[in-house]
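See below for the structure under consideration.
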Amino acid sequence: MRRRTFLITFSIVTILLCFTTYAAEQNYPTKPIRVIVGFGPGGVADLTLRIVAQKLSAQLGQQILVENRPSAGGIVAADAVAKAQPDGYTLLLMSNGNAVSASLFKSLPYDTVNDFAPVSTLGFFDIAMFAKADSKFQTVKDVISYAKANPGKLNIGTINVGSTQNLSAELFKGMAGIEATIVPYKNSPDVLVALRGNDVQIAFDMLAPIISQYKSGVVRIIAITSNRRFSPLPDIPTIAESGVPGYQASSWNAIAAPAKTPKAIIDRLNKEINMALSTQEVKTKLLEIGVTAQGGTPEDLKNLLISDIKKWRGVIERANIPKQ
Amino acid sequence: MEILTGLATGFQAAFTPMNLLYCLIGVFIGTLIGVLPGLGPAATVAMLMPASFVLPPVSSLIMLAGIYYGAQYGGSTTSILVNLPGEASSIVTTLDGYQMALQGRAGVALATAAIGSFFAGTFATVVIAFFAPPLAKVALKFGAPEYFSLMVLGLIASIVLARGSLLKAIGMIILGLLLGIIGTDVNSGVQRYTFGFRELMDGIGFVPVAMGMFGLGEIILNLEREGVARRVIKEIKNLMPTREDWKRMVAPILRGTALGSFLGILPGGGALLSSFAAYSVEKKMSKHGDELGRGAIEGVAAPESANNAGAQTSFIPMLTLGIPTSPVMALMIGAMVIQGVQPGPSVMTEQPALFWGVIVSMWMGNFFLLILNLPMIGLWVRLCMVPYHLLYPAILVFCAIGVFTLSNSEFDVYLMAIFGILGYIFAKLDCEPAPMLLALILGPMMEEHLRRALVISRGDPMIFLTRPISLGILIVAAIALVVAVLPAIRIKREEAFKGD
Amino acid sequence: MKNLRGTLSSKDLWSGLIFFFFGVVFVYFGRNYQMGTAMRMGPAYFPTLLGALLTFVGIILMAKTFIKPGDKVESMRYSKVIYITLANLFFAFMLRRIGVVLSIVLLVLIGAYASQKFKWSYAMPLALGLAIGSAIIFVLLLHLPLPILGQWFGG
């Protein structure tokens, strides 16, 4: 026991005092790698990266520095990476948010598809459609029939306009053909408070923070938005299964490098990331925050990015969201 | 006596040598980053997250919580010593705290802050232990209309903050509201007044503005008076409060604690309002109300107690509902989830050791803060005696680095520099920055809640009057307005008569 | 005439002018956004209303000074403003280029130059001490993502 205490204390102190020894290695990486994140610390995307980075840095024998540069649509972070040295030491945490930004903004200082060299996806995470546990809405069909019977009565809570959650709700509205008011909130806790205080009847938000509310019986998850069920919650149907065929929206995270990064470095990173993602340790930790670990080839990521840009462009146009 | 057994469980869980050590580490790191202006608790907690993975859940939460309130406390130190509010909640402390420092009473101000915070923290811990679940229900009753009304009350209270001209204070409040509007509109997604600067999309940050207007503005003012009059006083009168000081700080600490404990439970702005509210209340209720703004001990005791009590009770929504009220708490929830603890309504029953352990550790943390900080006072005060031409370049460095690291952006430093100029000009014109800063924070929230309330009511403004809590707050606001404006009008009229 | 000179150097006149300026700016640029109605406010509603109010406050403040000028503005020392502002702008602009150590040296030297008591004999050691100290505390201990050497030096 005493030994463990000592070890834990020691590891804390080391992390605090950690000096990186610049070992003069020939091969990449010979110095710490920076990953720039377009969000503040603490969100699902940020946590995903931090979990993977911990493993990855052990594999690569180099520190991975997470640099948060929050800005609307993650533009500042993406721009910094697009213009960084393509030497593999500056990487971007890419997400579906970048795909949304490509359609939401009138002009971007970079080309979302061509200015980046995709490396690999890290994980996918679901968005949930949920209501209060004592709500009369049991299924997606209940929601649709209520909205059709009482046009304009239904309030749907999401986070800010143009977020993936907000667009998923817009997509649902459009595909289900219902009339409802989408009430945007600043952050997820506000959405939850609004739902529990009956200001909105249903809400769309990341599955991860909702799970604990669901498990303690406060919230009922009506359905999830991706095209397959979430493995730890096999009883929750997808929206597509519950009467809105073809509906699909999910969020993902990935690593990308500046466009001209040498192929050898991309391949090395891709291999290491896929290896890290296949460990049980990373998988479990990610599942706990609601993320399904899933790597892939750089080409997979490129195709995903292109198809998502197309999908969200359609939703944004249909929902009449003003371009920024 | 369920709660007493709970507390006993808590003491058992928290009082292991290891947890005490982590609490101490957390509080120490928290104080350190609180003292380094701009470097926020969110960034620090994020950096230490991986470290906390290796700890047992109770220890890691105790350490992260220690960082959180250590930082809250540390912010007041710089407010008092060098007029630098590192956190929104310590703006008010600059008003009287820095004045006290200029009068050579920095030690007393720091001691008052430490004592007030300790008392408030202890009281708030008891509140959490006994009343967390019912209070959490109150938090859920606050929807968009209630928050809007609360913001209105907050703005009216901020008029009371003004020392000089009422009209200028109103002007500064409106200016703050307008600056707060810059950025992406939550309700429509439209970008307003960003003039093509992507960095402005998320709005003007509070910290660059506060650092600029208070920190840089004050440096320029001091330099200007370098040869003429000494604004930084060398002589230190006494370090610890005198008997008279003790007498004067009791009531403000009690009032501040009560107010802060209540406002803290409201997610979204409650804890923030508490120090402002406490200061305004003091100005109206204290016997020495008219001395506030000129270095009165009440002006430090009340807001510091309120701020600490609020920081503590803001754990209620997180512990009982699983709803984080700030980015730091979101990170803590993240840390808990990764460790396999599901925060939420069931934590209390399923993980009693964790729930009560954290509550007990809060009190411990406050105790550590007190014993850590009282001996430090002598050291801090000596900092005031460093010749100014050596001290201010160091302040410049901490401001610049702190602001830069907020979101690793040069732009925030540019903003700070611009607000430094504005802060200097406004100081020259007797326009006070504190009401503007409060409005800057409240403005966007106020508009957001107003428009959201109208969306929910489908455009019916009666929603503010038909919801009882909202109506109640608006009535208090109306009374506060009368109380705030009447004396000013009376003075104006007296002046007018004198002039004739 | 004497009254007018009092007005021109009045604190209230200049405060009023600043408020007036900001009010007009917000109203003017607010035209680009949708106004909406009081019941269903557009993005322009709130800022336009507040901008108009601020303009109004500015006008009253200015108008008052023609009757009673109030306190005079004390003399301004522009050089101090310029040094402190430049120090910060320079720091931010150079940080990624020359790294945290050198940019702090610059920040401290330019900033310290604003003081009457400025002497190279104390400023240089102070600058170096703060720069190296900050690099150790912020970068090595706290792991903030700041470049020690900038892009110019291959950092």
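We label chains A, B, ... in the order they appear in the structure tokens, count residues from 1 in each chain, and number ligands from 1 in the order shown.
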### Message
Based on only C-alpha atoms, which of the residues in chain C come within 7 Å of chain A? I want them as a PyMOL selection string.
### Response
chain C and resi 140-142+145
Practice problem: Please identify all polymer residues within 8 Å of stretch 115-132 of chain C, counting only C-alpha atoms, omitting same-chain residues fewer than 3 positions from it, and present them as a ChimeraX atom specification. | Solution: /B:223,226-227,389-390,394,397 /C:80,100-102,104-106,108-109,111-112,135-136
- Find the residues around stretch 193-204 of chain A up to 9 Å (only C-alpha atoms counted), leave out those fewer than 5 positions away in its own chain, and share them as a PyMOL selection string. (chain A and resi 127-132+135+137+143+154-159+165-166+168-169+182-183+185+188+218-219) or (chain B and resi 139-144+267+323+453+456)
Which residue, C:Ser134, C:Thr85, C:Thr65, C:Ser103, has the smallest gap to chain B when you use only C-alpha atoms?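 The closest residue to chain B is C:Thr85.
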- Which parts of stretch 120-189 of chain A does DSSP call strand (DSSP E) when run on the backbone here, written out as a ChimeraX atom specification? /A:120-125,127-132,155-159,181-185
Exercise for the section: Show me which bits of chain B are within 7 Å of chain C, counting only C-alpha atoms, as a PyMOL selection string. Expected result: chain B and resi 171+174+178+185+188+220+223-224+389+393-394+397+400+410+413-414+417+421+428-429+451+454+459-460
Would you put the residues from that selection into a file with N, CA and C atoms, as a PDB file, in the first residue's frame?
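Output contents, as saved in out-v9.pdb:
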```pdb
ATOM      1  N   GLY B 171     -23.951  54.721 -19.025  1.00  0.00           N
ATOM      2  CA  GLY B 171     -23.278  54.655 -20.321  1.00  0.00           C
ATOM      3  C   GLY B 171     -22.323  53.478 -20.387  1.00  0.00           C
ATOM      4  N   ILE B 174     -24.234  50.200 -20.725  1.00  0.00           N
ATOM      5  CA  ILE B 174     -24.733  49.947 -22.081  1.00  0.00           C
ATOM      6  C   ILE B 174     -23.572  49.571 -23.004  1.00  0.00           C
ATOM      7  N   LEU B 178     -23.195  46.178 -25.176  1.00  0.00           N
ATOM      8  CA  LEU B 178     -22.976  46.167 -26.620  1.00  0.00           C
ATOM      9  C   LEU B 178     -21.725  45.367 -26.980  1.00  0.00           C
ATOM     10  N   ASP B 185     -24.384  35.046 -32.757  1.00  0.00           N
ATOM     11  CA  ASP B 185     -25.646  35.097 -32.037  1.00  0.00           C
ATOM     12  C   ASP B 185     -26.176  33.675 -31.828  1.00  0.00           C
ATOM     13  N   SER B 188     -29.686  32.868 -33.660  1.00  0.00           N
ATOM     14  CA  SER B 188     -29.845  32.790 -35.111  1.00  0.00           C
ATOM     15  C   SER B 188     -28.595  32.260 -35.808  1.00  0.00           C
ATOM     16  N   ILE B 220      -0.322  52.107 -16.654  1.00  0.00           N
ATOM     17  CA  ILE B 220      -0.084  53.385 -17.341  1.00  0.00           C
ATOM     18  C   ILE B 220      -0.333  54.549 -16.384  1.00  0.00           C
ATOM     19  N   LEU B 223       2.545  54.857 -13.980  1.00  0.00           N
ATOM     20  CA  LEU B 223       3.756  55.389 -14.605  1.00  0.00           C
ATOM     21  C   LEU B 223       3.651  56.898 -14.782  1.00  0.00           C
ATOM     22  N   GLU B 224       2.439  57.323 -15.139  1.00  0.00           N
ATOM     23  CA  GLU B 224       2.212  58.739 -15.364  1.00  0.00           C
ATOM     24  C   GLU B 224       2.484  59.536 -14.098  1.00  0.00           C
ATOM     25  N   HIS B 389       9.162  50.323 -10.611  1.00  0.00           N
ATOM     26  CA  HIS B 389       9.760  50.154 -11.936  1.00  0.00           C
ATOM     27  C   HIS B 389      10.337  48.756 -12.131  1.00  0.00           C
ATOM     28  N   PRO B 393       7.109  45.516 -14.889  1.00  0.00           N
ATOM     29  CA  PRO B 393       7.436  44.669 -16.040  1.00  0.00           C
ATOM     30  C   PRO B 393       7.044  43.206 -15.798  1.00  0.00           C
ATOM     31  N   ALA B 394       7.151  42.764 -14.539  1.00  0.00           N
ATOM     32  CA  ALA B 394       6.749  41.389 -14.234  1.00  0.00           C
ATOM     33  C   ALA B 394       5.248  41.222 -14.418  1.00  0.00           C
ATOM     34  N   VAL B 397       4.477  40.747 -17.990  1.00  0.00           N
ATOM     35  CA  VAL B 397       4.763  39.400 -18.480  1.00  0.00           C
ATOM     36  C   VAL B 397       3.634  38.444 -18.128  1.00  0.00           C
ATOM     37  N   ALA B 400       0.510  39.154 -20.240  1.00  0.00           N
ATOM     38  CA  ALA B 400       0.635  38.773 -21.646  1.00  0.00           C
ATOM     39  C   ALA B 400       0.585  37.257 -21.800  1.00  0.00           C
ATOM     40  N   GLU B 410      -2.809  35.060 -30.422  1.00  0.00           N
ATOM     41  CA  GLU B 410      -2.207  36.390 -30.359  1.00  0.00           C
ATOM     42  C   GLU B 410      -3.302  37.428 -30.232  1.00  0.00           C
ATOM     43  N   VAL B 413      -4.154  38.936 -26.982  1.00  0.00           N
ATOM     44  CA  VAL B 413      -3.170  39.893 -26.462  1.00  0.00           C
ATOM     45  C   VAL B 413      -3.386  41.259 -27.125  1.00  0.00           C
ATOM     46  N   TYR B 414      -3.671  41.250 -28.435  1.00  0.00           N
ATOM     47  CA  TYR B 414      -3.973  42.519 -29.111  1.00  0.00           C
ATOM     48  C   TYR B 414      -5.181  43.182 -28.449  1.00  0.00           C
ATOM     49  N   ALA B 417      -4.285  44.785 -25.262  1.00  0.00           N
ATOM     50  CA  ALA B 417      -3.556  46.041 -25.461  1.00  0.00           C
ATOM     51  C   ALA B 417      -4.525  47.174 -25.780  1.00  0.00           C
ATOM     52  N   ILE B 421      -5.541  50.723 -23.517  1.00  0.00           N
ATOM     53  CA  ILE B 421      -5.655  52.141 -23.893  1.00  0.00           C
ATOM     54  C   ILE B 421      -7.017  52.681 -23.448  1.00  0.00           C
ATOM     55  N   LYS B 428      -9.109  58.353 -17.008  1.00  0.00           N
ATOM     56  CA  LYS B 428      -8.905  59.797 -17.097  1.00  0.00           C
ATOM     57  C   LYS B 428     -10.231  60.545 -17.112  1.00  0.00           C
ATOM     58  N   LEU B 429     -11.251  59.892 -17.661  1.00  0.00           N
ATOM     59  CA  LEU B 429     -12.552  60.553 -17.800  1.00  0.00           C
ATOM     60  C   LEU B 429     -13.497  60.217 -16.650  1.00  0.00           C
ATOM     61  N   ARG B 451     -34.503  36.371 -25.697  1.00  0.00           N
ATOM     62  CA  ARG B 451     -35.031  35.908 -26.980  1.00  0.00           C
ATOM     63  C   ARG B 451     -35.479  34.465 -26.902  1.00  0.00           C
ATOM     64  N   LEU B 454     -38.846  34.304 -25.371  1.00  0.00           N
ATOM     65  CA  LEU B 454     -39.885  34.700 -26.314  1.00  0.00           C
ATOM     66  C   LEU B 454     -40.117  33.619 -27.371  1.00  0.00           C
ATOM     67  N   GLY B 459     -43.578  34.326 -28.529  1.00  0.00           N
ATOM     68  CA  GLY B 459     -43.672  35.773 -28.679  1.00  0.00           C
ATOM     69  C   GLY B 459     -44.508  36.490 -27.640  1.00  0.00           C
ATOM     70  N   ASP B 460     -44.926  35.785 -26.591  1.00  0.00           N
ATOM     71  CA  ASP B 460     -45.759  36.429 -25.582  1.00  0.00           C
ATOM     72  C   ASP B 460     -44.899  36.949 -24.426  1.00  0.00           C
TER      73      ASP B 460
END
```
Minimum-distance residue to chain B, chosen among A:Thr284, A:Asn253, A:Ser278, A:Asn98 (using only C-alpha atoms):
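Of the candidates, the smallest distance to chain B is held by A:Thr284.
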